[in-house]
file work-v3.pdb (PDB, C-alpha atoms, pLDDT in the B column)
MODEL        1
ATOM      1  CA  MET A   1     157.201 126.376 128.836  1.00 44.00           C
ATOM      2  CA  LYS A   2     156.587 125.263 125.259  1.00 46.00           C
ATOM      3  CA  THR A   3     159.675 125.293 123.025  1.00 49.00           C
ATOM      4  CA  MET A   4     158.998 126.883 119.673  1.00 52.00           C
ATOM      5  CA  LYS A   5     160.583 125.262 116.646  1.00 64.00           C
ATOM      6  CA  ARG A   6     162.612 127.364 114.281  1.00 68.00           C
ATOM      7  CA  LYS A   7     160.604 129.092 111.582  1.00 82.00           C
ATOM      8  CA  ASN A   8     161.029 128.291 107.885  1.00 90.00           C
ATOM      9  CA  ASN A   9     162.353 131.773 107.122  1.00 95.00           C
ATOM     10  CA  ILE A  10     165.635 132.858 105.602  1.00 96.00           C
ATOM     11  CA  VAL A  11     167.079 135.667 107.724  1.00 98.00           C
ATOM     12  CA  LEU A  12     169.766 137.751 106.028  1.00 98.00           C
ATOM     13  CA  ILE A  13     172.187 139.500 108.360  1.00 98.00           C
ATOM     14  CA  GLY A  14     175.283 141.559 107.677  1.00 96.00           C
ATOM     15  CA  PHE A  15     176.682 145.042 107.839  1.00 92.00           C
ATOM     16  CA  MET A  16     174.625 147.958 106.581  1.00 86.00           C
ATOM     17  CA  GLY A  17     174.974 148.423 102.845  1.00 85.00           C
ATOM     18  CA  VAL A  18     176.124 144.847 102.118  1.00 92.00           C
ATOM     19  CA  GLY A  19     173.038 144.326  99.917  1.00 91.00           C
ATOM     20  CA  LYS A  20     170.650 142.375 102.127  1.00 95.00           C
ATOM     21  CA  GLY A  21     167.510 143.945 100.620  1.00 93.00           C
ATOM     22  CA  THR A  22     168.740 143.608  97.045  1.00 93.00           C
ATOM     23  CA  ILE A  23     169.742 139.987  97.624  1.00 97.00           C
ATOM     24  CA  ALA A  24     166.386 139.268  99.303  1.00 97.00           C
ATOM     25  CA  ARG A  25     164.608 140.431  96.147  1.00 96.00           C
ATOM     26  CA  ALA A  26     166.890 138.280  93.969  1.00 97.00           C
ATOM     27  CA  LEU A  27     166.290 135.338  96.306  1.00 96.00           C
ATOM     28  CA  TYR A  28     162.533 135.823  95.937  1.00 97.00           C
ATOM     29  CA  LYS A  29     162.943 135.204  92.195  1.00 96.00           C
ATOM     30  CA  GLU A  30     164.836 131.981  92.948  1.00 94.00           C
ATOM     31  CA  THR A  31     162.637 130.601  95.756  1.00 93.00           C
ATOM     32  CA  GLY A  32     159.237 132.290  95.600  1.00 93.00           C
ATOM     33  CA  LEU A  33     159.522 133.132  99.306  1.00 95.00           C
ATOM     34  CA  PHE A  34     158.266 136.649  99.917  1.00 95.00           C
ATOM     35  CA  PRO A  35     160.894 139.212 100.981  1.00 97.00           C
ATOM     36  CA  LEU A  36     160.352 141.409 104.036  1.00 97.00           C
ATOM     37  CA  ASP A  37     162.716 144.160 105.161  1.00 96.00           C
ATOM     38  CA  SER A  38     162.931 144.795 108.913  1.00 96.00           C
ATOM     39  CA  ASP A  39     163.804 148.484 108.477  1.00 93.00           C
ATOM     40  CA  ASP A  40     160.918 149.006 106.030  1.00 94.00           C
ATOM     41  CA  LEU A  41     158.499 147.356 108.473  1.00 96.00           C
ATOM     42  CA  ILE A  42     159.706 149.607 111.297  1.00 96.00           C
ATOM     43  CA  GLU A  43     159.462 152.730 109.128  1.00 94.00           C
ATOM     44  CA  SER A  44     155.927 151.783 108.121  1.00 95.00           C
ATOM     45  CA  ALA A  45     154.794 151.051 111.689  1.00 94.00           C
ATOM     46  CA  TYR A  46     156.260 154.244 113.143  1.00 93.00           C
ATOM     47  CA  ASN A  47     155.692 156.450 110.076  1.00 95.00           C
ATOM     48  CA  LEU A  48     159.286 157.656 110.436  1.00 93.00           C
ATOM     49  CA  LYS A  49     162.491 156.991 108.526  1.00 90.00           C
ATOM     50  CA  ILE A  50     165.168 155.058 110.418  1.00 87.00           C
ATOM     51  CA  LYS A  51     167.398 158.135 110.568  1.00 84.00           C
ATOM     52  CA  GLU A  52     164.462 160.090 112.093  1.00 90.00           C
ATOM     53  CA  ILE A  53     163.938 157.399 114.744  1.00 92.00           C
ATOM     54  CA  PHE A  54     167.647 157.599 115.598  1.00 88.00           C
ATOM     55  CA  ALA A  55     167.517 161.417 115.710  1.00 89.00           C
ATOM     56  CA  LYS A  56     164.315 161.689 117.781  1.00 93.00           C
ATOM     57  CA  HIS A  57     164.579 158.671 120.046  1.00 92.00           C
ATOM     58  CA  GLY A  58     168.189 157.418 119.886  1.00 90.00           C
ATOM     59  CA  GLU A  59     169.750 154.086 119.023  1.00 88.00           C
ATOM     60  CA  ASP A  60     168.657 152.384 122.269  1.00 93.00           C
ATOM     61  CA  GLU A  61     164.992 153.019 121.488  1.00 93.00           C
ATOM     62  CA  PHE A  62     165.499 151.796 117.918  1.00 93.00           C
ATOM     63  CA  ARG A  63     166.995 148.537 119.239  1.00 94.00           C
ATOM     64  CA  LYS A  64     163.915 148.092 121.477  1.00 96.00           C
ATOM     65  CA  ILE A  65     161.729 148.495 118.383  1.00 96.00           C
ATOM     66  CA  GLU A  66     163.793 145.832 116.591  1.00 96.00           C
ATOM     67  CA  LYS A  67     163.222 143.429 119.498  1.00 97.00           C
ATOM     68  CA  LYS A  68     159.479 144.092 119.306  1.00 97.00           C
ATOM     69  CA  LEU A  69     159.550 143.373 115.556  1.00 97.00           C
ATOM     70  CA  ALA A  70     161.546 140.173 116.123  1.00 97.00           C
ATOM     71  CA  LYS A  71     158.860 138.928 118.526  1.00 97.00           C
ATOM     72  CA  PHE A  72     156.198 139.729 115.911  1.00 97.00           C
ATOM     73  CA  ILE A  73     158.143 137.832 113.228  1.00 96.00           C
ATOM     74  CA  GLU A  74     158.586 134.846 115.545  1.00 96.00           C
ATOM     75  CA  LYS A  75     154.842 134.641 116.187  1.00 96.00           C
ATOM     76  CA  ASN A  76     153.474 135.567 112.771  1.00 96.00           C
ATOM     77  CA  VAL A  77     155.920 135.126 109.867  1.00 96.00           C
ATOM     78  CA  ASP A  78     156.878 131.879 108.160  1.00 95.00           C
ATOM     79  CA  ASN A  79     158.152 130.992 104.687  1.00 94.00           C
ATOM     80  CA  ALA A  80     159.641 134.435 104.053  1.00 96.00           C
ATOM     81  CA  ILE A  81     162.989 136.054 103.381  1.00 97.00           C
ATOM     82  CA  ILE A  82     163.775 138.648 106.024  1.00 97.00           C
ATOM     83  CA  SER A  83     166.461 141.209 105.279  1.00 97.00           C
ATOM     84  CA  THR A  84     167.508 142.882 108.485  1.00 97.00           C
ATOM     85  CA  GLY A  85     169.144 146.074 109.610  1.00 90.00           C
ATOM     86  CA  GLY A  86     172.835 145.840 110.470  1.00 88.00           C
ATOM     87  CA  GLY A  87     172.246 145.562 114.229  1.00 91.00           C
ATOM     88  CA  PHE A  88     169.195 143.278 114.117  1.00 96.00           C
ATOM     89  CA  TYR A  89     171.396 140.216 114.695  1.00 96.00           C
ATOM     90  CA  LYS A  90     171.435 141.110 118.419  1.00 96.00           C
ATOM     91  CA  VAL A  91     167.740 140.367 119.016  1.00 97.00           C
ATOM     92  CA  PRO A  92     167.521 137.618 121.648  1.00 96.00           C
ATOM     93  CA  ASN A  93     165.203 135.355 119.628  1.00 96.00           C
ATOM     94  CA  LEU A  94     167.159 135.543 116.353  1.00 96.00           C
ATOM     95  CA  LYS A  95     167.702 131.771 116.060  1.00 95.00           C
ATOM     96  CA  LYS A  96     163.943 131.159 116.348  1.00 96.00           C
ATOM     97  CA  LEU A  97     163.231 133.341 113.302  1.00 96.00           C
ATOM     98  CA  GLY A  98     164.733 131.004 110.702  1.00 95.00           C
ATOM     99  CA  THR A  99     167.993 130.055 109.032  1.00 95.00           C
ATOM    100  CA  ILE A 100     170.474 132.867 109.668  1.00 97.00           C
ATOM    101  CA  ILE A 101     172.643 133.710 106.661  1.00 97.00           C
ATOM    102  CA  TYR A 102     175.487 136.172 107.091  1.00 97.00           C
ATOM    103  CA  LEU A 103     176.204 138.083 103.890  1.00 97.00           C
ATOM    104  CA  LYS A 104     179.912 138.737 104.225  1.00 97.00           C
ATOM    105  CA  SER A 105     181.996 141.408 102.521  1.00 95.00           C
ATOM    106  CA  ASP A 106     184.980 143.502 103.468  1.00 92.00           C
ATOM    107  CA  PHE A 107     184.322 147.088 104.564  1.00 91.00           C
ATOM    108  CA  GLU A 108     185.791 148.640 101.413  1.00 89.00           C
ATOM    109  CA  GLY A 109     183.562 146.423  99.254  1.00 89.00           C
ATOM    110  CA  ILE A 110     180.474 147.642 101.113  1.00 86.00           C
ATOM    111  CA  ILE A 111     181.426 151.308 100.830  1.00 83.00           C
ATOM    112  CA  ASN A 112     182.258 150.902  97.126  1.00 83.00           C
ATOM    113  CA  ARG A 113     178.942 149.117  96.541  1.00 80.00           C
ATOM    114  CA  ILE A 114     177.052 152.018  98.091  1.00 78.00           C
ATOM    115  CA  LYS A 115     179.100 154.732  96.359  1.00 73.00           C
ATOM    116  CA  ASN A 116     178.704 153.060  92.956  1.00 73.00           C
ATOM    117  CA  SER A 117     174.945 152.638  93.221  1.00 71.00           C
ATOM    118  CA  PRO A 118     172.695 154.956  91.178  1.00 69.00           C
ATOM    119  CA  ASN A 119     171.257 156.554  94.339  1.00 68.00           C
ATOM    120  CA  ALA A 120     174.465 156.616  96.403  1.00 55.00           C
ATOM    121  CA  THR A 121     173.755 159.915  98.187  1.00 61.00           C
ATOM    122  CA  LYS A 122     170.350 158.680  99.321  1.00 59.00           C
ATOM    123  CA  LYS A 123     171.760 155.322 100.452  1.00 57.00           C
ATOM    124  CA  LEU A 124     174.461 156.997 102.531  1.00 55.00           C
ATOM    125  CA  ALA A 125     172.025 159.533 103.992  1.00 57.00           C
ATOM    126  CA  LYS A 126     169.574 156.876 105.206  1.00 59.00           C
ATOM    127  CA  ARG A 127     172.265 155.084 107.233  1.00 62.00           C
ATOM    128  CA  PRO A 128     172.951 157.218 110.318  1.00 57.00           C
ATOM    129  CA  LEU A 129     175.804 154.989 111.481  1.00 59.00           C
ATOM    130  CA  LEU A 130     177.716 155.589 108.219  1.00 66.00           C
ATOM    131  CA  LYS A 131     178.050 159.350 108.761  1.00 69.00           C
ATOM    132  CA  ASP A 132     181.592 158.919 110.062  1.00 76.00           C
ATOM    133  CA  LEU A 133     183.438 156.271 108.038  1.00 78.00           C
ATOM    134  CA  ASN A 134     186.177 155.833 110.665  1.00 84.00           C
ATOM    135  CA  GLU A 135     183.572 155.063 113.328  1.00 85.00           C
ATOM    136  CA  ALA A 136     181.669 152.883 110.863  1.00 85.00           C
ATOM    137  CA  LYS A 137     184.846 150.861 110.200  1.00 90.00           C
ATOM    138  CA  LYS A 138     185.296 150.314 113.954  1.00 91.00           C
ATOM    139  CA  LEU A 139     181.689 149.133 114.181  1.00 89.00           C
ATOM    140  CA  PHE A 140     182.222 146.849 111.173  1.00 92.00           C
ATOM    141  CA  ASP A 141     185.327 145.321 112.775  1.00 94.00           C
ATOM    142  CA  LYS A 142     183.425 144.701 116.022  1.00 93.00           C
ATOM    143  CA  ARG A 143     180.387 143.184 114.317  1.00 94.00           C
ATOM    144  CA  GLU A 144     182.172 140.957 111.812  1.00 94.00           C
ATOM    145  CA  ASP A 145     182.985 138.251 114.392  1.00 94.00           C
ATOM    146  CA  GLU A 146     179.572 138.638 116.017  1.00 96.00           C
ATOM    147  CA  TYR A 147     177.802 138.019 112.690  1.00 97.00           C
ATOM    148  CA  GLU A 148     179.850 134.866 112.147  1.00 96.00           C
ATOM    149  CA  LYS A 149     179.016 133.552 115.638  1.00 97.00           C
ATOM    150  CA  VAL A 150     175.231 133.805 115.174  1.00 97.00           C
ATOM    151  CA  ALA A 151     175.099 132.701 111.515  1.00 97.00           C
ATOM    152  CA  ASP A 152     174.027 129.252 110.399  1.00 96.00           C
ATOM    153  CA  LEU A 153     175.605 129.889 106.997  1.00 96.00           C
ATOM    154  CA  ILE A 154     178.098 132.448 105.690  1.00 97.00           C
ATOM    155  CA  VAL A 155     177.981 133.595 102.068  1.00 97.00           C
ATOM    156  CA  ASP A 156     180.722 135.827 100.701  1.00 96.00           C
ATOM    157  CA  VAL A 157     179.099 138.416  98.423  1.00 95.00           C
ATOM    158  CA  SER A 158     182.361 139.986  97.205  1.00 92.00           C
ATOM    159  CA  GLY A 159     182.425 140.279  93.446  1.00 88.00           C
ATOM    160  CA  ARG A 160     179.105 138.457  93.037  1.00 93.00           C
ATOM    161  CA  SER A 161     175.910 139.798  91.545  1.00 92.00           C
ATOM    162  CA  PRO A 162     172.738 139.592  93.663  1.00 94.00           C
ATOM    163  CA  LYS A 163     171.496 136.821  91.362  1.00 96.00           C
ATOM    164  CA  MET A 164     174.716 134.818  91.858  1.00 96.00           C
ATOM    165  CA  VAL A 165     174.410 135.197  95.638  1.00 96.00           C
ATOM    166  CA  ALA A 166     170.739 134.183  95.511  1.00 97.00           C
ATOM    167  CA  ILE A 167     171.581 131.042  93.521  1.00 96.00           C
ATOM    168  CA  LYS A 168     174.337 130.167  96.028  1.00 96.00           C
ATOM    169  CA  ILE A 169     171.933 130.628  98.966  1.00 96.00           C
ATOM    170  CA  LYS A 170     169.295 128.514  97.223  1.00 95.00           C
ATOM    171  CA  GLU A 171     171.858 125.718  96.805  1.00 94.00           C
ATOM    172  CA  LEU A 172     172.857 125.936 100.475  1.00 93.00           C
ATOM    173  CA  ILE A 173     169.299 125.836 101.814  1.00 90.00           C
ATOM    174  CA  LYS A 174     167.664 123.510  99.286  1.00 84.00           C
ATOM    175  CA  ASP A 175     166.696 121.066 102.043  1.00 75.00           C
ATOM    176  CA  LYS A 176     165.107 123.827 104.120  1.00 66.00           C
ATOM    177  CA  ILE A 177     162.665 125.297 101.568  1.00 61.00           C
TER
ENDMDL
END
call {"tool": "encode", "arguments": {"input": "work-v3.pdb", "output": "C-alpha cells"}}
result
Amino acid sequence: MKTMKRKNNIVLIGFMGVGKGTIARALYKETGLFPLDSDDLIESAYNLKIKEIFAKHGEDEFRKIEKKLAKFIEKNVDNAIISTGGGFYKVPNLKKLGTIIYLKSDFEGIINRIKNSPNATKKLAKRPLLKDLNEAKKLFDKREDEYEKVADLIVDVSGRSPKMVAIKIKELIKDKI
C-alpha cells in the first residue's frame, strides 16, 4: 500500500466558536493560501445547515459526513487553510490533511467571543452542541486534551486579534508554506 505524504495544508482545529473561520480568513491575508471551511463545504454539499443535519440525521451521521469530507480533502486539496468543525479532529486521516494547529482558548473566552460578536444570536443558534452550556462545558473539558494530542502546533488565541493569531501562525509555519 502506497503511503501518502502529508498535504501542504494548514488545518485549524479547536472548540466550536474559538474563531477558526475568522482566523482562516486572516491567515489567507498573511499567506495567500485559500481558506476552506469544513462545515460550509458540508452545508453546500447537502443543501442543509449543520443544525438541520443534526436534527434530521443525528450527530453520528454528521460525523460520517465529516469522514467523507476528510477523504475528499486528502485526495484533492493542497495549499489551503482548512477551518474545521469542533469535532472534525476525530477523522482517522487527520494527520494526512496537513499541519494541524489547535487554536486554544478557555471556555469562558469562547463563550464571551460569541456573545460579543455582532451576530451573537445567529452564531449560538447555528451550533447545536452549544444549546446547553453546562453540557457544552463538559464537552469542552473532554476535547481540550484530545485537541492537544492530535495537534502539531498549539496557538493560544486568548486576548489576540485574528490578525495577531494569523501572524503568529505564519511565523510558526514559515518553513512549511
call {"tool": "atom_distance", "arguments": {"input": "work-v3.pdb", "atom1": "CA of Ile81 (chain A)", "atom2": "CA of Ile53 (chain A)"}}
result
24.2 Å
call {"tool": "resolve_selection", "arguments": {"input": "work-v3.pdb", "expression": "the PyMOL selection byres ((chain A and resi 87) around 12)", "output": "ChimeraX atom specification"}}
result
/A:12-16,38-39,59-60,62-67,83-86,88-92,94,127,129,139-140,142-144,146-147
call {"tool": "closest_residue", "arguments": {"input": "work-v3.pdb", "among": "A:Leu36, A:Ile82, A:Ile167, A:Ile42", "to": "Ile101 (chain A)", "atoms": "only C-alpha atoms"}}
result
A:Ile82
call {"tool": "atom_distance", "arguments": {"input": "work-v3.pdb", "atom1": "CA of Pro35 (chain A)", "atom2": "CA of Gly98 (chain A)"}}
result
13.3 Å
call {"tool": "closest_residue", "arguments": {"input": "work-v3.pdb", "among": "A:Glu43, A:Asp152, A:Asp37, A:Glu108", "to": "Lys95 (chain A)", "atoms": "only C-alpha atoms"}}
result
A:Asp152
call {"tool": "atom_distance", "arguments": {"input": "work-v3.pdb", "atom1": "CA of Lys163 (chain A)", "atom2": "CA of Ile23 (chain A)"}}
result
7.2 Å
call {"tool": "residues_around", "arguments": {"input": "work-v3.pdb", "residues": "Val77 (chain A)", "least_positions_apart": "6", "cutoff": "10 Å", "atoms": "all atoms listed in the file", "output": "VMD selection string"}}
result
chain A and resid 7 to 9 36 70 to 71 97 to 98
call {"tool": "closest_residue", "arguments": {"input": "work-v3.pdb", "among": "A:Thr99, A:Ile154, A:Ser105, A:Ala45", "to": "Asp175 (chain A)", "atoms": "only C-alpha atoms"}}
result
A:Thr99
call {"tool": "closest_residue", "arguments": {"input": "work-v3.pdb", "among": "A:Asn76, A:Val11, A:Glu171, A:Gly19", "to": "Ser117 (chain A)", "atoms": "only C-alpha atoms"}}
result
A:Gly19
call {"tool": "axis_aligned_box", "arguments": {"input": "work-v3.pdb", "around": "region 80-83 of chain A", "padding_each_side": "3 Å", "output": "lines of an AutoDock Vina configuration file"}}
result
center_x = 163.1
center_y = 137.8
center_z = 104.7
size_x = 12.8
size_y = 12.8
size_z = 8.6
call {"tool": "closest_residue", "arguments": {"input": "work-v3.pdb", "among": "A:Glu74, A:Leu69, A:Ile100, A:Lys49", "to": "Ala151 (chain A)", "atoms": "only C-alpha atoms"}}
result
A:Ile100
call {"tool": "closest_residue", "arguments": {"input": "work-v3.pdb", "among": "A:Ser161, A:Asn93, A:Asn112, A:Asn134", "to": "Leu27 (chain A)", "atoms": "all atoms listed in the file"}}
result
A:Ser161
call {"tool": "resolve_selection", "arguments": {"input": "work-v3.pdb", "expression": "the PyMOL selection byres ((chain A and resi 103) around 6)", "output": "PyMOL selection string"}}
result
chain A and resi 14+102+104+155-156
